[in-house]
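Below: structure_0.cif (mmCIF, C-alpha atoms and all ligand atoms)
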```
data_coords
loop_
_atom_site.label_atom_id
_atom_site.label_comp_id
_atom_site.auth_asym_id
_atom_site.auth_seq_id
_atom_site.Cartn_x
_atom_site.Cartn_y
_atom_site.Cartn_z
CA MET A 1 79.63 74.98 133.26
CA SER A 2 79.54 72.72 130.25
CA ARG A 3 76.97 70.33 128.94
CA GLU A 4 79.37 67.51 129.75
CA SER A 5 79.13 68.16 133.46
CA TYR A 6 75.50 67.13 133.25
CA ILE A 7 75.91 63.68 131.79
CA VAL A 8 74.85 60.85 134.08
CA ASP A 9 74.73 57.08 134.13
CA SER A 10 70.96 57.15 134.24
CA ALA A 11 70.23 53.76 135.78
CA ALA A 12 72.79 54.23 138.56
CA PHE A 13 71.57 57.78 139.08
CA ALA A 14 68.02 56.54 139.63
CA ARG A 15 68.89 53.41 141.63
CA GLU A 16 71.03 55.38 144.06
CA GLY A 17 68.56 58.25 144.32
CA ARG A 18 71.14 60.77 143.24
CA HIS A 19 70.46 64.44 142.88
CA LEU A 20 71.74 67.08 140.53
CA ALA A 21 70.91 70.77 140.53
CA GLY A 22 72.17 73.67 138.51
CA SER A 23 71.23 76.35 136.08
CA CYS A 24 71.85 76.93 132.44
CA PRO A 25 71.62 80.17 130.44
CA VAL A 26 68.70 80.13 128.01
CA SER A 27 71.17 81.06 125.26
CA ARG A 28 72.86 77.66 125.72
CA LEU A 29 69.64 75.73 125.21
CA GLU A 30 69.34 75.82 121.44
CA ARG A 31 65.74 74.69 121.05
CA LEU A 32 64.50 77.09 123.72
CA ALA A 33 66.62 79.92 122.37
CA GLU A 34 64.77 79.52 119.07
CA VAL A 35 61.34 80.21 120.54
CA VAL A 36 62.15 83.15 122.78
CA VAL A 37 62.24 86.83 121.83
CA ALA A 38 65.33 87.49 123.93
CA GLU A 39 67.80 84.90 125.17
CA SER A 40 67.86 86.36 128.63
CA GLY A 41 67.88 84.59 131.94
CA ASP A 42 68.61 81.07 133.11
CA VAL A 43 66.74 77.84 133.45
CA LYS A 44 67.20 76.46 136.95
CA PHE A 45 66.83 72.75 137.32
CA ASP A 46 66.68 70.05 139.88
CA VAL A 47 67.01 66.44 138.79
CA THR A 48 66.45 63.53 141.14
CA GLY A 49 66.76 59.79 140.61
CA TYR A 50 64.11 57.55 142.05
CA ARG A 51 63.62 53.80 142.28
CA ASP A 52 60.14 52.43 142.74
CA GLU A 53 60.74 49.12 144.49
CA ASP A 54 57.21 47.79 144.03
CA GLN A 55 57.28 48.18 140.29
CA ASP A 56 61.03 47.62 140.09
CA ALA A 57 61.14 50.70 137.92
CA LEU A 58 63.66 53.51 137.67
CA PHE A 59 62.63 57.10 137.24
CA ILE A 60 64.19 60.51 136.85
CA ASP A 61 62.25 63.46 138.20
CA ILE A 62 62.86 66.87 136.70
CA VAL A 63 61.88 70.25 138.08
CA ALA A 64 62.75 73.35 136.08
CA SER A 65 62.00 77.00 136.65
CA GLY A 66 62.85 80.41 135.32
CA THR A 67 61.44 83.18 133.18
CA LEU A 68 61.42 83.14 129.41
CA MET A 69 60.77 86.11 127.15
CA LEU A 70 58.06 85.03 124.74
CA ARG A 71 56.24 86.98 122.04
CA CYS A 72 52.72 88.02 122.94
CA GLN A 73 50.41 86.76 120.21
CA ARG A 74 48.15 89.80 120.48
CA CYS A 75 50.42 92.85 120.58
CA LEU A 76 53.52 91.02 119.28
CA GLU A 77 55.69 92.61 121.98
CA ALA A 78 57.87 90.65 124.37
CA MET A 79 56.26 89.24 127.48
CA PRO A 80 57.92 87.53 130.43
CA TRP A 81 56.66 84.02 131.07
CA PRO A 82 57.63 82.77 134.53
CA PHE A 83 57.43 79.00 134.73
CA GLU A 84 57.94 76.10 137.05
CA VAL A 85 57.51 72.72 135.42
CA GLU A 86 57.83 69.15 136.61
CA GLY A 87 58.22 65.93 134.71
CA ARG A 88 58.89 62.29 135.45
CA LEU A 89 60.80 60.06 133.08
CA LEU A 90 60.70 56.28 133.15
CA LEU A 91 64.02 54.64 132.29
CA VAL A 92 63.59 51.76 129.89
CA PRO A 93 66.60 49.42 129.59
CA PRO A 94 68.37 49.73 126.21
CA GLY A 95 67.08 47.23 123.67
CA GLN A 96 63.62 47.04 125.21
CA PRO A 97 60.78 48.63 123.31
CA LEU A 98 59.52 51.88 124.77
CA PRO A 99 55.92 51.59 125.96
CA ASP A 100 53.45 52.89 123.42
CA GLU A 101 52.85 56.49 124.39
CA GLU A 102 49.39 56.44 122.85
CA LEU A 103 48.29 53.80 125.31
CA ASP A 104 50.26 55.16 128.18
CA GLU A 105 47.97 56.71 130.74
CA GLU A 106 50.62 57.19 133.38
CA ASP A 107 51.98 60.63 133.97
CA PHE A 108 55.52 59.92 132.91
CA ASP A 109 57.38 59.69 129.64
CA PRO A 110 59.52 56.68 128.83
CA ILE A 111 63.08 57.24 127.65
CA GLU A 112 65.86 54.81 126.91
CA ALA A 113 68.28 54.45 129.79
CA SER A 114 71.85 55.32 128.96
CA ARG A 115 75.20 55.32 130.71
CA THR A 116 75.81 58.73 129.22
CA LEU A 117 72.46 60.44 129.51
CA GLU A 118 72.55 64.17 128.89
CA VAL A 119 70.40 65.90 131.47
CA LEU A 120 70.14 69.36 129.91
CA PRO A 121 68.16 68.32 126.80
CA LEU A 122 65.69 66.53 129.09
CA VAL A 123 65.26 69.66 131.18
CA GLU A 124 64.83 71.68 127.99
CA GLU A 125 62.22 69.22 126.73
CA GLU A 126 60.10 69.63 129.87
CA VAL A 127 60.10 73.39 129.42
CA LEU A 128 59.25 73.11 125.72
CA LEU A 129 56.31 70.84 126.52
CA ALA A 130 54.93 73.42 128.95
CA LEU A 131 55.22 76.43 126.64
CA PRO A 132 51.90 78.20 126.19
CA PHE A 133 50.51 77.71 122.69
CA ALA A 134 49.48 81.35 122.30
CA PRO A 135 51.04 83.49 125.04
CA ARG A 136 49.26 86.79 125.72
CA HIS A 137 49.61 89.68 128.12
CA GLU A 138 46.69 89.91 130.47
CA GLN A 139 46.02 93.34 129.08
CA CYS A 140 47.31 94.71 125.82
CA GLU A 141 46.16 96.05 122.49
CA PRO A 142 46.77 94.53 119.09
CA PRO A 143 49.16 96.60 117.01
CA ARG A 144 47.54 98.95 114.49
CA PRO A 145 49.99 99.29 111.63
CA LEU A 146 47.60 101.58 109.75
CA ALA A 147 47.50 104.19 112.50
CA GLU A 148 50.40 106.27 111.16
CA SER A 149 49.36 106.29 107.54
CA GLU A 150 45.79 107.14 108.50
CA LYS A 151 46.97 110.32 110.13
CA GLU A 152 49.04 111.27 107.12
CA SER A 153 46.60 110.49 104.38
CA PRO A 154 43.49 112.51 103.65
CA PHE A 155 42.09 109.42 101.98
CA ALA A 156 42.37 107.34 105.13
CA ALA A 157 39.04 108.48 106.53
CA LEU A 158 37.37 107.61 103.29
CA LYS A 159 39.06 104.22 103.22
CA GLN A 160 37.95 103.55 106.78
CA LEU A 161 34.37 104.26 105.87
CA ARG A 162 34.59 102.05 102.83
CA ASP A 163 36.13 99.18 104.78
CA GLY A 164 33.63 99.59 107.58
CA LYS A 165 36.38 99.75 110.18
CA GLY A 166 35.45 103.10 111.64
CA ASN A 167 33.84 102.00 114.88
CA GLU A 168 35.73 98.91 115.85
CA THR A 169 37.45 100.26 118.91
ZN ZN B 201 50.54 91.76 124.43
#
```
Go ahead and render the structure in this file as structure tokens.
Ligand SMILES: [Zn+2]
Amino acid sequence: MSRESYIVDSAAFAREGRHLAGSCPVSRLERLAEVVVAESGDVKFDVTGYRDEDQDALFIDIVASGTLMLRCQRCLEAMPWPFEVEGRLLLVPPGQPLPDEELDEEDFDPIEASRTLEVLPLVEEEVLLALPFAPRHEQCEPPRPLAESEKESPFAALKQLRDGKGNET
């Protein structure tokens, strides 16, 4: 599989209601690979073109799923984050201004239509948008980097008293 096999003529894809499904290793999605702890697993995706005849508008629907290894913000260990995300993109003909996203209350994002639209970055974008801001295990403990040195040092108990940290847990 190469990125090139997922390039579509976006307007034709939408007008004809075409469909494209596949999967891509997380390690091949550079922006996602940067935010994960381990580049394991695949992102499965399902991309469908759609033409709304009433609005005479062309859309691309994206569904993506998989499991990413994120870093828990509490214990700082890896945690699996299973996801299934959906997004709808409105194709705007080249040369036309994209609708102002600030004013846009619809639940789709406008993108410029292209004869050579790369699907994988769009799939990646949907997953990035859905990433939890501060992922956390349901149950875990924050790391205690002082634990080892406290055991070793006779002064640790004294320090704990002084810092008032003796009874926190
Ligand atoms: Zn954790």
Taking only C-alpha atoms and all ligand atoms and a cut-off of 7 Å, can you tell me which residues surround ligand ZN 201 (chain B), written as a VMD selection string? chain A and resid 72 to 77 79 136 to 137 139 to 141
I'd like to know which of A:Leu98, A:Leu68, A:Ala12, A:Ala21 is closest to Val35 of chain A, using all atoms listed in the file.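 Smallest separation from Val35 of chain A among the options: A:Leu68.
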Segment 35-112 of chain A near segment 122-128 of chain A within 8 Å: what's each residue's closest atom pair and its distance in Å to one decimal, counting only C-alpha atoms, ordered by chain then ascending residue number, as CSV?
```
residue,atom,partner,partner_atom,distance
A:Phe45,CA,A:Val123,CA,7.1
A:Ile62,CA,A:Val123,CA,6.6
A:Val63,CA,A:Val123,CA,7.7
A:Ala64,CA,A:Val123,CA,6.6
A:Val85,CA,A:Val127,CA,6.6
A:Glu86,CA,A:Glu126,CA,7.1
A:Gly87,CA,A:Glu126,CA,6.4
```
Measure the distance from atom CA of Ile111 of chain A to atom CA of Ala11 of chain A in Å and round it to one decimal.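 Interatomic distance, atom CA of Ile111 of chain A to atom CA of Ala11 of chain A: 11.4 Å.
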Atom CA of Pro99 of chain A to atom CA of Lys44 of chain A: how many Å, to one decimal?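 Straight-line distance from atom CA of Pro99 of chain A to atom CA of Lys44 of chain A works out to 29.4 Å.
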Report, in Å to a single decimal, how far apart atom CA of Thr67 of chain A and atom CA of Asp42 of chain A are.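 Atom-to-atom, atom CA of Asp42 of chain A to atom CA of Thr67 of chain A, that is 7.5 Å.
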Residues proximal to (65.4, 84.0, 124.6) were defined as those with any atom within 7 Å of that point in the file's coordinates, counting only C-alpha atoms. Which are they, as a list in words?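 Neighbouring residues, ordered by chain and number, come to Val26, Ser27, Ala33, Val35, Val36, Val37, Ala38, Glu39, Ser40, Leu68 and Met69 of chain A.
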Got a sec: who's within 7 Å of Ala113 of chain A, counting all atoms listed in the file, leaving out chain neighbours fewer than 5 positions off, as a ChimeraX atom specification? /A:10-11,91-94
Which is closest to Phe13 of chain A among A:Gly49, A:Gly95, A:Pro25, A:Gly41, if we use all atoms listed in the file? A:Gly49
A:Glu34, A:Glu118, A:Asp56, A:Asp9 ranked by distance to Arg71 of chain A, top pick (using all atoms listed in the file):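 With all atoms listed in the file as the atom set, the closest residue is A:Glu34.
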Distance criterion (all atoms listed in the file): nearest to Pro121 of chain A out of A:Cys24, A:Ala14, A:Val8, A:Leu29: A:Leu29
When distances are computed from only C-alpha atoms, which of A:Leu32, A:Pro97, A:Pro110, A:Leu70 shows the smallest separation from Ala57 of chain A?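 Smallest separation from Ala57 of chain A among the options: A:Pro110.
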Box time for segment 12-19 of chain A: axis-aligned, enclosing all its listed atoms, 6 Å extra on each side; report centre and edge lengths in Å to one decimal, as JSON.
```
{"center_x": 70.4, "center_y": 58.9, "center_z": 141.4, "size_x": 16.8, "size_y": 23.0, "size_z": 17.8}
```
